[in-house]
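Read the structure below first, then the notes.
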Amino acid sequence: MAPTLSSKLIFAAFFLLQVWASESAAARTSLMADRHQQWMAEVGRSYKDAADKARRFKIFKANAAFIDAFNAAGNRSYTLAINEFADLTNEEFLSTRTGFKMGSHSHRNASSSFMYADVADAPASVDWRTKGAVTDVKNQGHCGCCWAFAAVAATEGINQLSTGKLVSLSEQELVDCETRSSGCFGGYPDAAFEYIASNGGLSAESDYPFEGADGSCSPERAATRAGKISGYESVPANDEAALMNAVANQPVTVGIDASGEEFKFHRSGVFSGDCGTNLNHAVTIVGYGESGDGMKYWLVKNSWGESWGENGYGMIQRESGNMGGLCGIAMKASYPVA
């Protein structure tokens, strides 16, 4: 039987739809390729060969689509953005950009007290950046030494509060010389505090600059002590009220779970996304407050450079209702003592 006019029209419409879909997919791929090329230029990325570039483009395309879809939904308290991690899988990202270790090690200089237990009338908001107690955002690069950066930021803060001088201190000295941690393969902020206290302080970053890789401890470069502490104290676990009392008085180092894709691409607003309590990353809380829409937050200084968050800082929901705080932020907190 010869095809009817209606069946011919249906076939033609189906064929045109297929052509349109194919052309649209090609156009989208072309636009994404242009976007990838522009991003490469912005972040200074290059690849060893065409095959490597094709593989990285595939990852970039998936990450960009995820970010675009999230932002288009517009139903969360925060936004995401493409940053310097856009061509990395989550596994690749976590293997080099985190590094907080949980485990037992000696606490030679730990105090059993919590000096801020009886703090009354903590202010409604604090931002230690405005008080001159926070150095510029730094970047740990491919070295999994967030533990050193978080401890250093807290030490820089208490050093400024006790001396009136803000000095950028050396993460590399901790990576090279603090032996209970594993340098670029992870470590303990508390062990960093113990090292600083027992060695009479820490070098200035200008004397012992960050290299982004494990190195040999250099006694010559570590000879000058630019920031000193006497020890450290721990904040009672899972107690955000106690944590707020501590942050009201100085920057505080915390462990968080940074495993989520949304956290990796966080750009602005108060992060309130899904995350667990498998603490794998260390950051420094440098303030707290409440957003315009009434969401309480912790202000954290990260060590992923200025392309993450708002120029390297992020707001994480405070009083989320989770026992250990959102992303476990109240589970393991400590601060140096002058």
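We label chains A, B, ... in the order they appear in the structure tokens, count residues from 1 in each chain, and number ligands from 1 in the order shown.
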Neighbour list for region 177-191 of chain A as a PyMOL selection string, cut-off 10 Å, only C-alpha atoms, skip fewer than 6 positions in-chain: chain A and resi 95-110+140-152+154+171+197+212-219+222+231-234+253-255+280-283+332-336
Region 117-172 of chain A: residues DSSP assigns to strand (DSSP E or B), reported as a list in words: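 Output for region 117-172 of chain A, strand (DSSP E or B) only: Val126, Asp127, Asn139, Gly144 and Leu169 of chain A.
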Go ahead and write the residues just picked, C-alpha atoms, as a compact mmCIF listing (two decimals), in the first residue's frame.
```txt
# COMPACT_ATOMS: atom_id res chain seq x y z
CA VAL A 126 32.01 39.18 63.70
CA ASP A 127 34.36 39.55 60.74
CA ASN A 139 46.19 28.56 47.51
CA GLY A 144 46.91 18.19 50.23
CA LEU A 169 53.33 32.87 58.21
```
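Ranking A:Val134, A:Ala62, A:Val286, A:Leu88 by their shortest atom-to-atom distance to Asn249 (chain A), with only C-alpha atoms included, puts A:Val286 first.
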Within 10 Å of Gly132 (chain A) using only C-alpha atoms, minus same-chain residues under 2 positions, as a PyMOL selection string: chain A and resi 127-130+134-135+157+160-161+164-166
Just the selected residues (N, CA and C atoms), exported as a PDB file, in the first residue's frame, please.
```
ATOM      1  N   ASP A 127      33.579  39.770  61.957  1.00  0.00           N
ATOM      2  CA  ASP A 127      34.358  39.551  60.741  1.00  0.00           C
ATOM      3  C   ASP A 127      35.782  39.989  61.040  1.00  0.00           C
ATOM      4  N   TRP A 128      36.665  39.006  61.276  1.00  0.00           N
ATOM      5  CA  TRP A 128      38.036  39.325  61.674  1.00  0.00           C
ATOM      6  C   TRP A 128      38.831  39.972  60.548  1.00  0.00           C
ATOM      7  N   ARG A 129      38.334  39.906  59.328  1.00  0.00           N
ATOM      8  CA  ARG A 129      39.007  40.591  58.220  1.00  0.00           C
ATOM      9  C   ARG A 129      38.982  42.105  58.438  1.00  0.00           C
ATOM     10  N   THR A 130      37.857  42.605  58.930  1.00  0.00           N
ATOM     11  CA  THR A 130      37.711  44.053  59.130  1.00  0.00           C
ATOM     12  C   THR A 130      38.521  44.547  60.313  1.00  0.00           C
ATOM     13  N   VAL A 134      43.362  38.963  59.475  1.00  0.00           N
ATOM     14  CA  VAL A 134      43.319  37.911  58.449  1.00  0.00           C
ATOM     15  C   VAL A 134      44.194  38.325  57.267  1.00  0.00           C
ATOM     16  N   THR A 135      45.116  37.453  56.884  1.00  0.00           N
ATOM     17  CA  THR A 135      45.965  37.714  55.717  1.00  0.00           C
ATOM     18  C   THR A 135      45.198  37.407  54.432  1.00  0.00           C
ATOM     19  N   GLY A 157      46.019  35.032  63.019  1.00  0.00           N
ATOM     20  CA  GLY A 157      45.009  35.828  63.695  1.00  0.00           C
ATOM     21  C   GLY A 157      45.351  36.124  65.135  1.00  0.00           C
ATOM     22  N   GLN A 160      48.267  38.527  65.476  1.00  0.00           N
ATOM     23  CA  GLN A 160      47.907  39.929  65.280  1.00  0.00           C
ATOM     24  C   GLN A 160      47.165  40.479  66.493  1.00  0.00           C
ATOM     25  N   LEU A 161      46.295  39.683  67.073  1.00  0.00           N
ATOM     26  CA  LEU A 161      45.522  40.147  68.225  1.00  0.00           C
ATOM     27  C   LEU A 161      46.398  40.370  69.453  1.00  0.00           C
ATOM     28  N   GLY A 164      49.509  43.119  67.658  1.00  0.00           N
ATOM     29  CA  GLY A 164      49.122  44.255  66.831  1.00  0.00           C
ATOM     30  C   GLY A 164      49.720  44.226  65.441  1.00  0.00           C
ATOM     31  N   LYS A 165      50.458  43.157  65.094  1.00  0.00           N
ATOM     32  CA  LYS A 165      51.099  43.051  63.791  1.00  0.00           C
ATOM     33  C   LYS A 165      50.575  41.825  63.048  1.00  0.00           C
ATOM     34  N   LEU A 166      50.129  42.040  61.813  1.00  0.00           N
ATOM     35  CA  LEU A 166      49.670  40.934  60.973  1.00  0.00           C
ATOM     36  C   LEU A 166      50.814  40.496  60.073  1.00  0.00           C
TER      37      LEU A 166
END
```
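For the set A:Asp136, A:Asp121, A:Glu261, A:Glu220, the residue with the smallest atom-to-atom gap to Ile82 (chain A) is A:Glu261, counting only C-alpha atoms.
Using only C-alpha atoms, the nearest neighbour of Ala69 (chain A) within the list A:Ile158, A:Ala81, A:Val252, A:Ala258 is A:Ala81.
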So which residues touch Cys327 (chain A) within 9 Å, counting only C-alpha atoms, skipping near sequence neighbours fewer than 6 positions away, as a compact mmCIF listing (two decimals) with N, CA and C atoms, in the first residue's frame?
```txt
# COMPACT_ATOMS: atom_id res chain seq x y z
N GLY A 255 37.50 21.32 60.99
CA GLY A 255 37.43 20.32 59.94
C GLY A 255 36.03 20.33 59.35
N ILE A 256 35.92 20.09 58.05
CA ILE A 256 34.61 19.99 57.40
C ILE A 256 34.62 18.85 56.39
N ASP A 257 33.43 18.46 55.96
CA ASP A 257 33.28 17.50 54.87
C ASP A 257 33.10 18.30 53.59
N ALA A 258 34.11 18.28 52.73
CA ALA A 258 34.08 19.06 51.49
C ALA A 258 33.89 18.17 50.27
N GLY A 273 23.81 23.29 51.38
CA GLY A 273 23.59 22.07 50.62
C GLY A 273 23.83 20.80 51.41
N ASP A 274 23.61 19.69 50.72
CA ASP A 274 23.81 18.38 51.34
C ASP A 274 25.30 18.11 51.50
N CYS A 275 25.70 17.72 52.68
CA CYS A 275 27.07 17.28 52.91
C CYS A 275 27.08 16.42 54.15
N GLY A 276 28.06 15.58 54.27
CA GLY A 276 28.10 14.64 55.38
C GLY A 276 28.97 15.13 56.52
N THR A 277 29.48 14.19 57.28
CA THR A 277 30.34 14.50 58.42
C THR A 277 31.64 13.73 58.35
N ASN A 278 32.03 13.33 57.13
CA ASN A 278 33.31 12.68 56.93
C ASN A 278 34.36 13.77 56.75
N LEU A 279 34.89 14.25 57.84
CA LEU A 279 35.78 15.41 57.80
C LEU A 279 37.03 15.11 56.98
N ILE A 316 28.95 29.28 55.35
CA ILE A 316 28.35 27.97 55.58
C ILE A 316 27.26 28.13 56.63
```
Region 53-275 of chain A: residues DSSP assigns to alpha helix (DSSP H), reported as a PyMOL selection string: chain A and resi 53-73+90-97+146-163+171-177+189-198+240-247+261-264
Straight-line distance linking CA of Leu299 (chain A) with CA of Gly260 (chain A), stated in Å to one decimal: 18.4 Å
Selection: 6 Å around Ala204 (chain A), only C-alpha atoms, excl. self and same-chain fewer than 6 positions, as a PyMOL selection string: chain A and resi 168-170+226
